Structure formats: C-alpha cells, structure tokens
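The file query20.cif comes next; it holds mmCIF, C-alpha atoms; chains and numbers go by the auth columns.
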data_my_file
#
loop_
_atom_site.group_PDB
_atom_site.id
_atom_site.type_symbol
_atom_site.label_atom_id
_atom_site.label_comp_id
_atom_site.label_asym_id
_atom_site.label_seq_id
_atom_site.Cartn_x
_atom_site.Cartn_y
_atom_site.Cartn_z
_atom_site.B_iso_or_equiv
_atom_site.auth_seq_id
_atom_site.auth_asym_id
ATOM 1 C CA ALA A 1 5.258 -12.613 -7.552 0.00 1 A
ATOM 2 C CA THR A 2 5.494 -10.407 -10.606 0.00 2 A
ATOM 3 C CA LEU A 3 3.766 -7.028 -10.739 0.00 3 A
ATOM 4 C CA LYS A 4 2.312 -6.439 -14.170 0.00 4 A
ATOM 5 C CA PRO A 5 1.306 -2.868 -15.055 0.00 5 A
ATOM 6 C CA LEU A 6 -2.333 -2.053 -14.301 0.00 6 A
ATOM 7 C CA ALA A 7 -2.320 0.989 -16.581 0.00 7 A
ATOM 8 C CA GLY A 8 -2.235 -1.102 -19.750 0.00 8 A
ATOM 9 C CA PRO A 9 0.547 -1.938 -22.199 0.00 9 A
ATOM 10 C CA GLU A 10 0.207 1.332 -24.149 0.00 10 A
ATOM 11 C CA THR A 11 0.938 3.472 -21.067 0.00 11 A
ATOM 12 C CA PRO A 12 4.551 3.462 -19.793 0.00 12 A
ATOM 13 C CA THR A 13 4.633 3.362 -15.997 0.00 13 A
ATOM 14 C CA GLU A 14 7.129 2.972 -13.176 0.00 14 A
ATOM 15 C CA LEU A 15 6.867 1.658 -9.628 0.00 15 A
ATOM 16 C CA VAL A 16 7.522 4.237 -6.925 0.00 16 A
ATOM 17 C CA VAL A 17 8.073 3.610 -3.211 0.00 17 A
ATOM 18 C CA ALA A 18 6.970 6.396 -0.874 0.00 18 A
ATOM 19 C CA ARG A 19 7.376 6.548 2.917 0.00 19 A
ATOM 20 C CA CYS A 20 4.594 8.750 4.277 0.00 20 A
ATOM 21 C CA GLN A 21 3.638 9.992 7.710 0.00 21 A
ATOM 22 C CA LEU A 22 0.005 9.465 8.695 0.00 22 A
ATOM 23 C CA PRO A 23 -2.460 11.028 8.181 0.00 23 A
ATOM 24 C CA LEU A 24 -1.817 10.932 4.437 0.00 24 A
ATOM 25 C CA GLY A 25 -4.000 13.876 3.484 0.00 25 A
ATOM 26 C CA ALA A 26 -4.942 12.088 0.270 0.00 26 A
ATOM 27 C CA VAL A 27 -8.274 11.432 -1.395 0.00 27 A
ATOM 28 C CA LEU A 28 -8.366 7.870 -2.728 0.00 28 A
ATOM 29 C CA GLU A 29 -11.034 6.177 -4.825 0.00 29 A
ATOM 30 C CA GLU A 30 -11.527 3.050 -6.894 0.00 30 A
ATOM 31 C CA ALA A 31 -10.718 3.547 -10.572 0.00 31 A
ATOM 32 C CA GLY A 32 -12.777 2.202 -13.443 0.00 32 A
ATOM 33 C CA GLU A 33 -16.282 2.885 -14.614 0.00 33 A
ATOM 34 C CA ASP A 34 -17.809 0.315 -12.285 0.00 34 A
ATOM 35 C CA GLY A 35 -15.673 1.304 -9.286 0.00 35 A
ATOM 36 C CA GLN A 36 -14.052 -2.132 -9.318 0.00 36 A
ATOM 37 C CA GLY A 37 -10.613 -1.048 -10.471 0.00 37 A
ATOM 38 C CA PRO A 38 -7.481 -0.447 -8.432 0.00 38 A
ATOM 39 C CA VAL A 39 -7.291 2.347 -5.883 0.00 39 A
ATOM 40 C CA VAL A 40 -6.106 5.635 -7.376 0.00 40 A
ATOM 41 C CA VAL A 41 -4.887 8.870 -5.750 0.00 41 A
ATOM 42 C CA VAL A 42 -7.340 11.618 -6.723 0.00 42 A
ATOM 43 C CA GLU A 43 -6.244 14.614 -4.677 0.00 43 A
ATOM 44 C CA LEU A 44 -3.605 15.613 -2.112 0.00 44 A
ATOM 45 C CA ALA A 45 -3.954 18.073 0.733 0.00 45 A
ATOM 46 C CA PRO A 46 -1.076 20.540 1.088 0.00 46 A
ATOM 47 C CA GLY A 47 1.006 19.642 4.129 0.00 47 A
ATOM 48 C CA GLY A 48 -0.402 16.097 4.388 0.00 48 A
ATOM 49 C CA GLY A 49 1.848 13.107 4.863 0.00 49 A
ATOM 50 C CA ALA A 50 1.654 12.202 1.154 0.00 50 A
ATOM 51 C CA ASP A 51 2.232 15.752 -0.127 0.00 51 A
ATOM 52 C CA GLY A 52 5.317 15.748 -2.356 0.00 52 A
ATOM 53 C CA ARG A 53 5.525 11.951 -2.283 0.00 53 A
ATOM 54 C CA LEU A 54 2.414 10.859 -4.150 0.00 54 A
ATOM 55 C CA GLN A 55 0.793 12.406 -7.211 0.00 55 A
ATOM 56 C CA PRO A 56 -2.791 12.463 -8.469 0.00 56 A
ATOM 57 C CA GLY A 57 -3.215 9.496 -10.792 0.00 57 A
ATOM 58 C CA ASP A 58 -0.907 7.160 -8.848 0.00 58 A
ATOM 59 C CA LEU A 59 -2.305 3.625 -8.648 0.00 59 A
ATOM 60 C CA LEU A 60 -1.920 1.974 -5.229 0.00 60 A
ATOM 61 C CA ARG A 61 -0.188 -1.390 -5.663 0.00 61 A
ATOM 62 C CA GLY A 62 0.762 -2.171 -2.076 0.00 62 A
ATOM 63 C CA CYS A 63 1.489 -0.842 1.391 0.00 63 A
ATOM 64 C CA THR A 64 2.912 -1.921 4.682 0.00 64 A
ATOM 65 C CA ALA A 65 0.436 -3.215 7.223 0.00 65 A
ATOM 66 C CA CYS A 66 0.857 -4.243 10.846 0.00 66 A
ATOM 67 C CA VAL A 67 -0.525 -7.778 11.057 0.00 67 A
ATOM 68 C CA PRO A 68 -0.719 -10.315 13.870 0.00 68 A
ATOM 69 C CA ALA A 69 1.773 -13.156 13.480 0.00 69 A
ATOM 70 C CA MET A 70 3.667 -15.707 15.493 0.00 70 A
ATOM 71 C CA SER A 71 7.342 -15.147 16.211 0.00 71 A
ATOM 72 C CA TYR A 72 9.687 -18.039 16.794 0.00 72 A
ATOM 73 C CA PRO A 73 12.917 -16.975 18.514 0.00 73 A
ATOM 74 C CA ALA A 74 15.696 -19.431 17.594 0.00 74 A
ATOM 75 C CA TRP A 75 16.612 -20.171 21.208 0.00 75 A
ATOM 76 C CA GLN A 76 13.000 -20.981 22.030 0.00 76 A
ATOM 77 C CA VAL A 77 12.590 -23.360 19.084 0.00 77 A
ATOM 78 C CA MET A 78 15.873 -25.134 19.903 0.00 78 A
ATOM 79 C CA LEU A 79 14.626 -25.786 23.419 0.00 79 A
ATOM 80 C CA GLY A 80 11.350 -27.207 22.154 0.00 80 A
ATOM 81 C CA GLY A 81 9.268 -24.116 22.852 0.00 81 A
ATOM 82 C CA VAL A 82 6.534 -22.668 20.730 0.00 82 A
ATOM 83 C CA GLY A 83 6.099 -19.292 19.130 0.00 83 A
ATOM 84 C CA ARG A 84 4.496 -16.283 20.739 0.00 84 A
ATOM 85 C CA PRO A 85 2.001 -13.826 19.299 0.00 85 A
ATOM 86 C CA SER A 86 3.463 -10.608 17.916 0.00 86 A
ATOM 87 C CA VAL A 87 2.718 -7.877 15.414 0.00 87 A
ATOM 88 C CA GLN A 88 4.803 -7.650 12.263 0.00 88 A
ATOM 89 C CA LYS A 89 4.938 -5.004 9.554 0.00 89 A
ATOM 90 C CA ARG A 90 4.495 -6.655 6.147 0.00 90 A
ATOM 91 C CA LEU A 91 4.012 -5.573 2.563 0.00 91 A
ATOM 92 C CA VAL A 92 0.422 -6.207 1.464 0.00 92 A
ATOM 93 C CA ASP A 93 -0.529 -6.490 -2.224 0.00 93 A
ATOM 94 C CA LEU A 94 -3.413 -4.104 -2.886 0.00 94 A
ATOM 95 C CA SER A 95 -3.407 -4.327 -6.704 0.00 95 A
ATOM 96 C CA ARG A 96 -6.891 -5.847 -6.876 0.00 96 A
ATOM 97 C CA GLU A 97 -8.275 -4.982 -3.447 0.00 97 A
ATOM 98 C CA PRO A 98 -11.263 -2.674 -2.939 0.00 98 A
ATOM 99 C CA LEU A 99 -10.889 0.770 -1.388 0.00 99 A
ATOM 100 C CA GLU A 100 -12.103 -0.440 2.023 0.00 100 A
ATOM 101 C CA GLN A 101 -9.339 -3.071 2.195 0.00 101 A
ATOM 102 C CA ALA A 102 -6.689 -0.541 1.168 0.00 102 A
ATOM 103 C CA MET A 103 -7.857 1.949 3.808 0.00 103 A
ATOM 104 C CA ALA A 104 -7.911 -0.751 6.486 0.00 104 A
ATOM 105 C CA ALA A 105 -4.340 -1.792 5.629 0.00 105 A
ATOM 106 C CA ILE A 106 -3.110 1.817 5.709 0.00 106 A
ATOM 107 C CA ARG A 107 -4.839 2.456 9.060 0.00 107 A
ATOM 108 C CA THR A 108 -2.938 -0.398 10.733 0.00 108 A
ATOM 109 C CA ASN A 109 0.159 1.833 10.517 0.00 109 A
ATOM 110 C CA ALA A 110 -1.384 4.672 12.566 0.00 110 A
ATOM 111 C CA GLU A 111 0.263 5.591 15.859 0.00 111 A
ATOM 112 C CA GLY A 112 -1.523 3.825 18.659 0.00 112 A
ATOM 113 C CA SER A 113 -2.067 0.672 16.611 0.00 113 A
ATOM 114 C CA PRO A 114 -0.098 -2.345 17.874 0.00 114 A
ATOM 115 C CA GLY A 115 3.379 -2.437 16.312 0.00 115 A
ATOM 116 C CA ALA A 116 2.856 0.781 14.345 0.00 116 A
ATOM 117 C CA ASN A 117 5.027 3.905 14.215 0.00 117 A
ATOM 118 C CA GLY A 118 2.723 6.307 12.350 0.00 118 A
ATOM 119 C CA GLN A 119 4.450 5.776 8.987 0.00 119 A
ATOM 120 C CA VAL A 120 3.297 3.758 5.990 0.00 120 A
ATOM 121 C CA ILE A 121 5.336 2.679 2.999 0.00 121 A
ATOM 122 C CA LEU A 122 3.290 2.812 -0.189 0.00 122 A
ATOM 123 C CA LEU A 123 4.089 1.130 -3.494 0.00 123 A
ATOM 124 C CA VAL A 124 2.413 3.016 -6.344 0.00 124 A
ATOM 125 C CA GLU A 125 2.361 2.696 -10.111 0.00 125 A
ATOM 126 C CA ARG A 126 2.937 6.067 -11.764 0.00 126 A
ATOM 127 C CA LYS A 127 2.696 7.131 -15.375 0.00 127 A
ATOM 128 C CA VAL A 128 6.191 7.932 -16.654 0.00 128 A
ATOM 129 C CA GLY A 129 6.552 11.642 -17.217 0.00 129 A
ATOM 130 C CA GLY A 130 4.079 12.943 -14.649 0.00 130 A
ATOM 131 C CA GLY A 131 1.217 12.351 -12.297 0.00 131 A
ATOM 132 C CA GLU A 132 -1.593 12.476 -14.798 0.00 132 A
ATOM 133 C CA ALA A 133 -4.093 9.678 -14.530 0.00 133 A
ATOM 134 C CA PRO A 134 -2.551 6.655 -16.230 0.00 134 A
ATOM 135 C CA GLY A 135 -5.738 5.956 -18.158 0.00 135 A
ATOM 136 C CA GLU A 136 -8.266 3.227 -17.643 0.00 136 A
ATOM 137 C CA PRO A 137 -6.535 0.407 -15.799 0.00 137 A
ATOM 138 C CA GLU A 138 -6.939 -3.113 -17.134 0.00 138 A
ATOM 139 C CA VAL A 139 -9.183 -4.901 -14.681 0.00 139 A
#

What does this structure look like when you write it as structure tokens?
Amino acid sequence: ATLKPLAGPETPTELVVARCQLPLGAVLEEAGEDGQGPVVVVELAPGGGADGRLQPGDLLRGCTACVPAMSYPAWQVMLGGVGRPSVQKRLVDLSREPLEQAMAAIRTNAEGSPGANGQVILLVERKVGGGEAPGEPEV
C-alpha cells in the first residue's frame, strides 16, 4: 500500500515513526470542518509518553495494535495440526479512521492488555520544518 500525503500537495510533509510509552499525554481530535478528517495531535502534556516525540499538528497515519490472530508453528503444521489463538502486534492504518477507532487501537497497547507491553509505535505525517498544523487535510 502507498501512503499519499493527507496534508495536500502544496504542503511538504514527512512520515515520522515514534515509539511512545502509554499513557501518551496527548489531546487528539478529528481534523476538518466536519470532524471527518484524519486524527490530528492538538496538544501534548509535559512529561507524557508522547512529549518530545510528537508535535501539535501531526496527523496520525497508523499505530501498532494488539489483535487476536491464529499462529501456526511450523512443526505443528507439518504434523497436520491446526493453529492456536494468539495475540499479535500489527501496524494498523488509521489514515481514514475516526477518532474512536484510533483511540481503541492505541489502547490495545496498554499494559494489562493481552500481548501488550505498554508501548505504542505511531506513524505520523508531519509538516516539514515544524509541528504547525499542516493545513486542511484532503479528505
């Protein structure tokens, strides 16, 4: 899959990967006039898990999420066995997902959740040259 910039062709952006400890200490909201745009970082709390890693104006493009899956150990498949339920950490595309979906995906990484270690890896789109809001995203 190809990630096309959400900020629009006139705004130069870059993709940034940030590993953050939960809780993030970030205020997130849906961008766009109708609240149907991508999720954007609005504010960061000093000392939060995202402090120094994210910037206001970053657009959330993806994050890791702990999801139920089946695992198929090679030795088990060779002997005719079937898979077994497990939890795997995967990258989830949040480019067009609502705020509730993004928050749910981030929460799966919290300590105490199955397969989670309290850290989330976030993929954000950032305006080149600073953390100012990258303008109205193309929706």

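Here the PyMOL selection byres ((chain A and resi 58) around 6) captures the residues Val40, Val41, Gln55, Pro56, Gly57, Leu59, Val124, Glu125 and Arg126 of chain A.
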
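In this structure, atom CA of A:Ser71 sits 17.0 Å away from atom CA of A:Leu91.
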
Surrounding residues of stretch 110-116 of chain A excluding itself and chain neighbours under 2 positions, 9 Å, all atoms listed in the file, as a ChimeraX atom specification = /A:21-23,65-68,86-89,106-108,118-120

Kindly give the distance, in Å, that separates atom CA of A:Glu100 and atom CA of A:Thr64, rounded to a single decimal.
->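 So the two atoms, atom CA of A:Glu100 and atom CA of A:Thr64, lie 15.3 Å apart.
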
What separation in Å, quoted to one decimal, exists between atom CA of A:Ser95 and atom CA of A:Gly48?
-> 23.4 Å

Do you know which residues the PyMOL selection byres ((chain A and resi 51) around 12) returns on this file, as a list of chain:residue names?
-> A:Ala18, A:Arg19, A:Cys20, A:Gln21, A:Leu22, A:Pro23, A:Leu24, A:Gly25, A:Ala26, A:Val27, A:Val41, A:Glu43, A:Leu44, A:Ala45, A:Pro46, A:Gly47, A:Gly48, A:Gly49, A:Ala50, A:Gly52, A:Arg53, A:Leu54, A:Gln55, A:Pro56

Just say which residues the PyMOL selection byres ((chain A and resi 97) around 10) picks in this file, as a list in words.
->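 On this input, the PyMOL selection byres ((chain A and resi 97) around 10) captures Glu30, Gln36, Gly37, Pro38, Val39, Leu60, Arg61, Gly62, Asp93, Leu94, Ser95, Arg96, Pro98, Leu99, Glu100, Gln101 and Ala102 of chain A.
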
Please save C-alpha atoms of the selected residues as a short mmCIF file (atom, residue, chain, number, x, y, z; two decimals), keeping the file's coordinate frame.
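Result went into result_5.cif, see below:
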data_model
loop_
_atom_site.label_atom_id
_atom_site.label_comp_id
_atom_site.auth_asym_id
_atom_site.auth_seq_id
_atom_site.Cartn_x
_atom_site.Cartn_y
_atom_site.Cartn_z
CA GLU A 30 -11.53 3.05 -6.89
CA GLN A 36 -14.05 -2.13 -9.32
CA GLY A 37 -10.61 -1.05 -10.47
CA PRO A 38 -7.48 -0.45 -8.43
CA VAL A 39 -7.29 2.35 -5.88
CA LEU A 60 -1.92 1.97 -5.23
CA ARG A 61 -0.19 -1.39 -5.66
CA GLY A 62 0.76 -2.17 -2.08
CA ASP A 93 -0.53 -6.49 -2.22
CA LEU A 94 -3.41 -4.10 -2.89
CA SER A 95 -3.41 -4.33 -6.70
CA ARG A 96 -6.89 -5.85 -6.88
CA PRO A 98 -11.26 -2.67 -2.94
CA LEU A 99 -10.89 0.77 -1.39
CA GLU A 100 -12.10 -0.44 2.02
CA GLN A 101 -9.34 -3.07 2.19
CA ALA A 102 -6.69 -0.54 1.17
#
